[in-house]
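*Asks:* Just dropping this structure here.
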Amino acid sequence: MTLRMMMLRARTSRVTTLRAMRAMRAVRALRAVALAVMVPTLLLPAVGRAADAIVVGGKIFTESYILGEIAAQSMAAESSVPVDRKLGMGSTGILFEALKRGAIDVYPDYTGTLAEAILKQPQLKSLDEIRRALIPMDLVISGPLGFNDTYAIAVKERFADEHQLHTISDLHRVQSSLRAAFSYEFMDRKDGYPGMVDAYQLHPDPQKVTRMEHSLSFQAINDDAVDVIDVYSTDAKIKKFHLRLLDDDRGYFPVYQAVWVARKAFVDKHPREWAILRKLEGSISETAMQDMNAQADIQKESFAKVASQFLGKAPPAAESGAQKIWQRTREHLWLVGVALLFSLIVGIPLGVIAVRFHAAGQGILIISALVQTIPSLALLCFLIPVFGVGTKPALAALCLYSLLPVVLNTFTGVRGVDPLHLENARAFGLNRRQVLFRIVLPLASPTMLAGIKTATIVSIGTATLAALVGAGGYGAPIVSGLSLNDIPTILTGAIPAALMALIAHALFELLGLVLIPVGLRKHA
Amino acid sequence: MLMLQNIFKTFEHRPALTDVNVSVAKGATHALIGSSGSGKTTLLRITLGLIPMDKGYVKLNDQPLSSFTPAQWADRIGYVPQDGGLFPHISGRNNVSLIARLRGWSRQKIDARIEELSKLVDLDAAALSRFPAELSGGQKQRVAIMRAAMMDPDVMLLDEPMAALDPLIRRSLQQELKSIFQRLNKTVLLVTHDLGEAAFLAEQLTLLHDGKVVQSGSFGDLLHHPADAFVTSFINAQRGVPDAASVAA
């Protein structure tokens with residue numbers, strides 16, 4: 001029997017038996033639950049990936065953004081399959097999860113990282129070994145793109161010329177007087193400094209080797225305070241500060257060759273597009289990558305422009321600033337809107353239940369308060385194994401966060417209703433449902449609305465973190481701006497988010513005028 | 001007629017009502033009096049069907065309360081809570097029409113009934129459109145009476161109708177209440193601690209003490225033929241300002 005028929009039957013039965021009433025109540029409850037579950041899930045695909053689009057992922061640092069753009073633009077230029085970008089997605093773990101779940105199809109990574117972080121087999125060195133190990137995971141890697149982003153030893157061009165330095169072995173000639181500044185990580189990692197001096201039989205004066213923060217060591221070598229530093233081989237500052245990388249002539253440093261990592265399903269489905277990406281193999285040299293990093297990091301060119309210049313193509317019809325902001329606004333509104341809807345559909349009933357059933361109520365309040373104490377990044381990480389990456393975990397986190405203010409204020413508002421009104425309502429013959437909807441909720445509405453407002457404004461702020469799991473929104477420019485240390489870019493996300501919060505505040509004030517019963521407003 | 005027969009009620013083994021009998025004739029005004037703790041509020045809540053009794057019957061025209069659904073019963077007993085008990089979030093008019101709307105009355109029927117009732121209680125439309133917090137004590141009382149009378153009940157049940165009012169307004173309102181009762185032409189049961197008010201408004205009184213009926217009858221009966229010493233002391237205690245003669249110089 002369908003729900004509809006049951007309802008009709010319950011409604012038309014002449015003798016409203018207790019059973020029919022119960023059935024009606026059950027049907028109504030079922031319908032409410034079904035609605036609560038279905039509405040958000042029905043709406044989900046609305047901003048999910050476009051059907052059939054290829055999704056390019058990327059990590060949250062300059063090089064990965066640029067490589068992601070290169071992949072996206074080269075496919076877009078030669079293929080008609082639409083390409084989506086999910087760049088700036090946090091750590092390797094998140095990207096890997098996204099790849100497994102098909103939230104992204106392909107992203108740039110490094111052989112060393114694949115061996116260590118994904119395969120957990122750091123002993124795998126060659127491309128073939130790694131490729132074979134990835135097969136059971138249904139992952140495919142391309143050949144090397146050309147450059148190797150690993151530890152490298154850098155000296156000033158002038159210093160190198162002066163002492164005829166080309167390789168790390170050449171350092172033997174100057175080791176007694178060599179002043180070095182090495183990063184903490186490099187000094188402490190077995191595959192860093194200790195292994196290097198071993199492998200090259202170097203004996204520098206320990207008094208002249210300093211530990212220094214990476215960003216400071218560039219300044220130090222520029223000021224001639226030190227002669228040699230450790231760098232990442234594609235660092236933009238190598239060029240800026242006129243440094244020369246010394247050849248690892250004994251092949252000591254682990255190889256971090258850049259490759260495309262793709263889902264096998266993607267390679268099978270889009271062989272043409274995969275071929276387009278593979279044409280880039282061997283085409284990006286270390287100096288080319290350094291140049292591109294410098295253009296983005298130092299000259300503050302957009303990733304898209306840097307990529308298009310490298311490809312020798314016209315930059316993709318850049319979305320205008322307004323279009324971009326509109327797109328992010330939509331993503332952000334979507335995140336906040338769904339979270340809000342969820343908190344209303346789930347939070348208000350929980351708040352009401354918490355008043356009616358004391359023990360359950362305490363449980364509900366404690367749990368929703370506990371959720372609130374989980375740091376947002378941690379909560380996102382907990383949710384990734386459950387929901388994958390993209391919009392879903394972000395939505396789930398926001399839903400959980402916006403729950404507490406709504407539950408708590410509903411609880412407080414409902415509990416605060418004068419019990420005399422409840423007794424009077426019953427004396428007038430109102431049933432439980434009528435008492436709830438006609439008396440209790442309207443009387444509690446000012447307090448409830450305040451909670452909903454808090455939930456909304458908190459969500460608008462928290463939703464900026466959604467970019468870390470690839471959900472877009474105003475967080476996207478904040479995240480990429482942070483990785484570039486580019487304050488104007490950060491502001492293009494932060495200012496609209498603040499504006500949205502202000503607008504939400506104003507809207508709720510207006511909503512209060514409409515929703516809060518006049519009788520409660522005038523004499524509140 | 002409204003009959004309360006042999007009603008017993010205990011709260012946690014403490015008797016609250018013991019064998020209480022009250023009978024209100026059709027069209028009569030009956031007052032239930034007693035000081036606080038006498039059991040009159042418990043009897044009121046039982047009569048409204050809000051709490052169950054241990055034993056006994058509440059009957060309306062010989063039909064027991066248990067044969068009505070809560071909504072049917074509520075429509076037969078028009079209740080005016082203490083201080084009016086208006087819901088603060090809706091206008092006076094919506095307070096009056098709340099139940100009729102829930103029962104699916106048409107707009108025209110509701111408007112016509114409100115029109116009729118507002119004439120009966122002498123309340124203008126402007127006051128009805130205001131919210132409870134904007135009404136005077138007397139206006140609230142009238143709106144509350146209209147709400148109670150809306151469904152055309154058999155009995156009007158008023159809880160301490162004057163308790164919250166200013167003593168000066170009380171006098172004039174008592175007079176009005178009496179004429180409103182006459183115009184409504186309903187059976188009225190009012191619950192009060194104020195003997196003067198009871199004597200003024202009701203033909204018949206039932207005095208409760210410690211959960212038992214001490215005496216039922218007219219004010220004259222209580223005054224001239226008290227059932228026991230408590231009746232006399234209750235009457236004397238409510239004399240108010242003592243005679244000048246009895247005050248020592």
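Please note that chains go A, B, ... in the order of the structure tokens, that every chain numbers its residues from 1, and that ligands are numbered from 1 in the order shown.
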Find the residues of chain B in contact range of chain A, meaning any atom within 9 Å when counting only C-alpha atoms, and list them as a PyMOL selection string.

*Replies:* chain B and resi 45+48-50+69-75+77-81+85-91+98-99+102+130-134+148

*Asks:* Could you take the residues named above and write them with C-alpha atoms, as a JSON list (two decimals), in the first residue's frame?

*Replies:*
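selection12.json written:
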[["chain", "number", "residue", "atom", "x", "y", "z"],
["B", 45, "ARG", "CA", -8.45, 20.73, 36.25],
["B", 48, "LEU", "CA", -11.47, 20.49, 32.24],
["B", 49, "GLY", "CA", -10.30, 16.94, 31.60],
["B", 50, "LEU", "CA", -6.65, 17.93, 32.11],
["B", 69, "THR", "CA", -12.75, 13.13, 22.88],
["B", 70, "PRO", "CA", -10.55, 15.84, 24.42],
["B", 71, "ALA", "CA", -11.44, 18.21, 21.58],
["B", 72, "GLN", "CA", -15.20, 17.56, 21.87],
["B", 73, "TRP", "CA", -15.05, 18.11, 25.62],
["B", 74, "ALA", "CA", -13.04, 21.31, 25.22],
["B", 75, "ASP", "CA", -15.68, 22.62, 22.83],
["B", 77, "ILE", "CA", -16.62, 23.62, 28.25],
["B", 78, "GLY", "CA", -15.64, 27.21, 27.51],
["B", 79, "TYR", "CA", -12.64, 27.94, 29.68],
["B", 80, "VAL", "CA", -11.52, 31.38, 30.83],
["B", 81, "PRO", "CA", -8.15, 30.97, 32.56],
["B", 85, "GLY", "CA", -4.61, 33.41, 29.68],
["B", 86, "LEU", "CA", -4.43, 34.89, 26.19],
["B", 87, "PHE", "CA", -1.65, 33.63, 23.93],
["B", 88, "PRO", "CA", 0.76, 36.55, 23.63],
["B", 89, "HIS", "CA", 1.91, 35.84, 20.08],
["B", 90, "ILE", "CA", -1.42, 36.24, 18.33],
["B", 91, "SER", "CA", -3.90, 39.10, 18.19],
["B", 98, "LEU", "CA", -8.01, 29.88, 17.16],
["B", 99, "ILE", "CA", -10.12, 26.83, 17.92],
["B", 102, "LEU", "CA", -8.57, 24.47, 13.82],
["B", 130, "ARG", "CA", -4.44, 44.37, 19.15],
["B", 131, "PHE", "CA", -2.07, 41.94, 20.83],
["B", 132, "PRO", "CA", -2.68, 40.83, 24.42],
["B", 133, "ALA", "CA", 0.21, 42.92, 25.74],
["B", 134, "GLU", "CA", -1.53, 46.02, 24.37],
["B", 148, "ALA", "CA", -14.33, 30.64, 25.70]]

*Asks:* Which residues are close to A:Gly512, i.e. within 9 Å by only C-alpha atoms, leaving aside same-chain residues fewer than 6 positions away? Reply as an MDAnalysis selection string.

*Replies:* chainID A and resid 445:446 449:450 521

*Asks:* Any chance you could export the current selection's N, CA and C atoms as a compact mmCIF listing (two decimals), in the first residue's frame?

*Replies:*
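What landed in part-v4.txt:
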# COMPACT_ATOMS: atom_id res chain seq x y z
N SER A 445 9.99 31.13 18.85
CA SER A 445 10.63 31.52 17.58
C SER A 445 11.71 32.60 17.71
N PRO A 446 11.57 33.60 18.60
CA PRO A 446 12.66 34.59 18.65
C PRO A 446 14.00 33.94 19.04
N LEU A 449 15.23 31.68 16.16
CA LEU A 449 15.75 32.44 15.02
C LEU A 449 17.16 32.94 15.32
N ALA A 450 17.39 33.33 16.57
CA ALA A 450 18.74 33.78 16.95
C ALA A 450 19.74 32.64 16.75
N ARG A 521 7.18 40.71 19.55
CA ARG A 521 8.22 41.67 19.19
C ARG A 521 8.06 42.96 19.96

*Asks:* Hey, what does DSSP flag as alpha helix (DSSP H) within stretch 124-348 of chain A? Can you give it to me as a PyMOL selection string?

*Replies:* chain A and resi 127-134+157-163+184-188+193-200+214-222+236-240+264-269+271-278+286-297+303-311+321-342+348

*Asks:* Step one, run DSSP on the backbone; step two, keep only residues of stretch 35-109 of chain B assigned to strand (DSSP E); then write them as a ChimeraX atom specification.

*Replies:* /B:55-60,63-64,77-80

*Asks:* Name the closest residue to A:Phe159 among the candidates A:Thr210, A:Thr447, A:Asn222, A:Thr111; distances are taken between atoms, counting only C-alpha atoms.

*Replies:*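 Selected residue with least distance to A:Phe159: A:Asn222.
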
*Asks:* Any idea what's packed within 12 Å of A:Gln121, counting only C-alpha atoms, ignoring anything in its chain fewer than 4 positions away? Could you give it as number ranges by chain?

*Replies:* A: 111-117, 125-126, 129-130, 133-134

*Asks:* Show which residues sit within 8 Å of A:Val338, as JSON, numbers by chain. Count only C-alpha atoms, and ignore same-chain residues fewer than 4 positions away.

*Replies:* {"A": [40, 334, 342, 395, 399]}

*Asks:* With N, CA and C atoms retained, export the selected residues as a PDB file, in the first residue's frame.

*Replies:*
ATOM      1  N   PRO A  40      18.214  17.117   0.614  1.00  0.00           N
ATOM      2  CA  PRO A  40      19.632  17.411   0.380  1.00  0.00           C
ATOM      3  C   PRO A  40      20.266  16.491  -0.666  1.00  0.00           C
ATOM      4  N   TRP A 334      25.683  27.564  -1.735  1.00  0.00           N
ATOM      5  CA  TRP A 334      25.215  26.183  -1.765  1.00  0.00           C
ATOM      6  C   TRP A 334      25.616  25.471  -0.474  1.00  0.00           C
ATOM      7  N   PHE A 342      19.781  21.517   6.561  1.00  0.00           N
ATOM      8  CA  PHE A 342      19.968  20.323   7.392  1.00  0.00           C
ATOM      9  C   PHE A 342      19.778  20.670   8.865  1.00  0.00           C
ATOM     10  N   LEU A 395      30.044  19.607   3.216  1.00  0.00           N
ATOM     11  CA  LEU A 395      28.654  19.784   3.628  1.00  0.00           C
ATOM     12  C   LEU A 395      28.395  19.094   4.961  1.00  0.00           C
ATOM     13  N   CYS A 399      27.144  20.897   8.257  1.00  0.00           N
ATOM     14  CA  CYS A 399      25.872  20.484   8.862  1.00  0.00           C
ATOM     15  C   CYS A 399      26.083  20.225  10.343  1.00  0.00           C
TER      16      CYS A 399
END

*Asks:* Extract, using only C-alpha atoms, all DNA, RNA and protein residues at most 7 Å from stretch 196-208 of chain A, discarding same-chain residues fewer than 5 positions from it, and format them as a PyMOL selection string.

*Replies:* chain A and resi 169+172+175-176+178-180+252

*Asks:* Write the selection just made, keeping C-alpha atoms, as a compact mmCIF listing (two decimals), in the first residue's frame?

*Replies:*
# COMPACT_ATOMS: atom_id res chain seq x y z
CA SER A 169 81.77 16.44 -5.44
CA HIS A 172 85.61 18.93 -1.64
CA GLN A 175 84.88 22.17 2.30
CA SER A 176 87.19 23.52 5.03
CA LEU A 178 82.48 26.34 3.46
CA ARG A 179 79.74 28.17 5.37
CA ALA A 180 76.42 26.35 5.10
CA TYR A 252 72.46 10.38 -3.87

*Asks:* Considering only C-alpha atoms, return as a VMD selection string whatever protein or nucleic-acid residues lie within 8 Å of A:Ile460, sequence-local ones (same chain, fewer than 2 positions apart) excluded.

*Replies:* chain A and resid 332 336 456 to 458 462 to 464 497 500 to 501

*Asks:* Pull N, CA and C atoms from the residues just selected and write them as a PDB file, in the first residue's frame.

*Replies:*
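What follows is the written file again.pdb:
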ATOM      1  N   HIS A 332      29.597  28.838  -2.463  1.00  0.00           N
ATOM      2  CA  HIS A 332      29.558  29.128  -1.030  1.00  0.00           C
ATOM      3  C   HIS A 332      28.123  29.104  -0.503  1.00  0.00           C
ATOM      4  N   VAL A 336      26.529  26.739   2.433  1.00  0.00           N
ATOM      5  CA  VAL A 336      25.877  27.301   3.617  1.00  0.00           C
ATOM      6  C   VAL A 336      24.387  26.954   3.611  1.00  0.00           C
ATOM      7  N   THR A 456      24.062  30.220  10.679  1.00  0.00           N
ATOM      8  CA  THR A 456      24.335  30.689   9.321  1.00  0.00           C
ATOM      9  C   THR A 456      25.657  31.432   9.256  1.00  0.00           C
ATOM     10  N   ILE A 457      25.851  32.335  10.205  1.00  0.00           N
ATOM     11  CA  ILE A 457      27.055  33.166  10.145  1.00  0.00           C
ATOM     12  C   ILE A 457      28.299  32.318  10.412  1.00  0.00           C
ATOM     13  N   VAL A 458      28.189  31.391  11.345  1.00  0.00           N
ATOM     14  CA  VAL A 458      29.319  30.484  11.595  1.00  0.00           C
ATOM     15  C   VAL A 458      29.606  29.643  10.343  1.00  0.00           C
ATOM     16  N   THR A 462      33.047  29.098   8.321  1.00  0.00           N
ATOM     17  CA  THR A 462      33.657  27.766   8.273  1.00  0.00           C
ATOM     18  C   THR A 462      33.711  27.221   6.847  1.00  0.00           C
ATOM     19  N   ALA A 463      32.758  27.630   6.019  1.00  0.00           N
ATOM     20  CA  ALA A 463      32.711  27.099   4.652  1.00  0.00           C
ATOM     21  C   ALA A 463      33.952  27.473   3.851  1.00  0.00           C
ATOM     22  N   THR A 464      34.705  28.483   4.288  1.00  0.00           N
ATOM     23  CA  THR A 464      35.926  28.833   3.551  1.00  0.00           C
ATOM     24  C   THR A 464      36.941  27.689   3.618  1.00  0.00           C
ATOM     25  N   ALA A 497      33.336  36.825   1.669  1.00  0.00           N
ATOM     26  CA  ALA A 497      32.823  36.005   2.772  1.00  0.00           C
ATOM     27  C   ALA A 497      32.319  36.891   3.896  1.00  0.00           C
ATOM     28  N   MET A 500      29.128  38.453   2.817  1.00  0.00           N
ATOM     29  CA  MET A 500      28.014  37.509   2.880  1.00  0.00           C
ATOM     30  C   MET A 500      27.516  37.381   4.320  1.00  0.00           C
ATOM     31  N   ALA A 501      28.458  37.381   5.257  1.00  0.00           N
ATOM     32  CA  ALA A 501      28.062  37.278   6.660  1.00  0.00           C
ATOM     33  C   ALA A 501      27.248  38.499   7.070  1.00  0.00           C
TER      34      ALA A 501
END
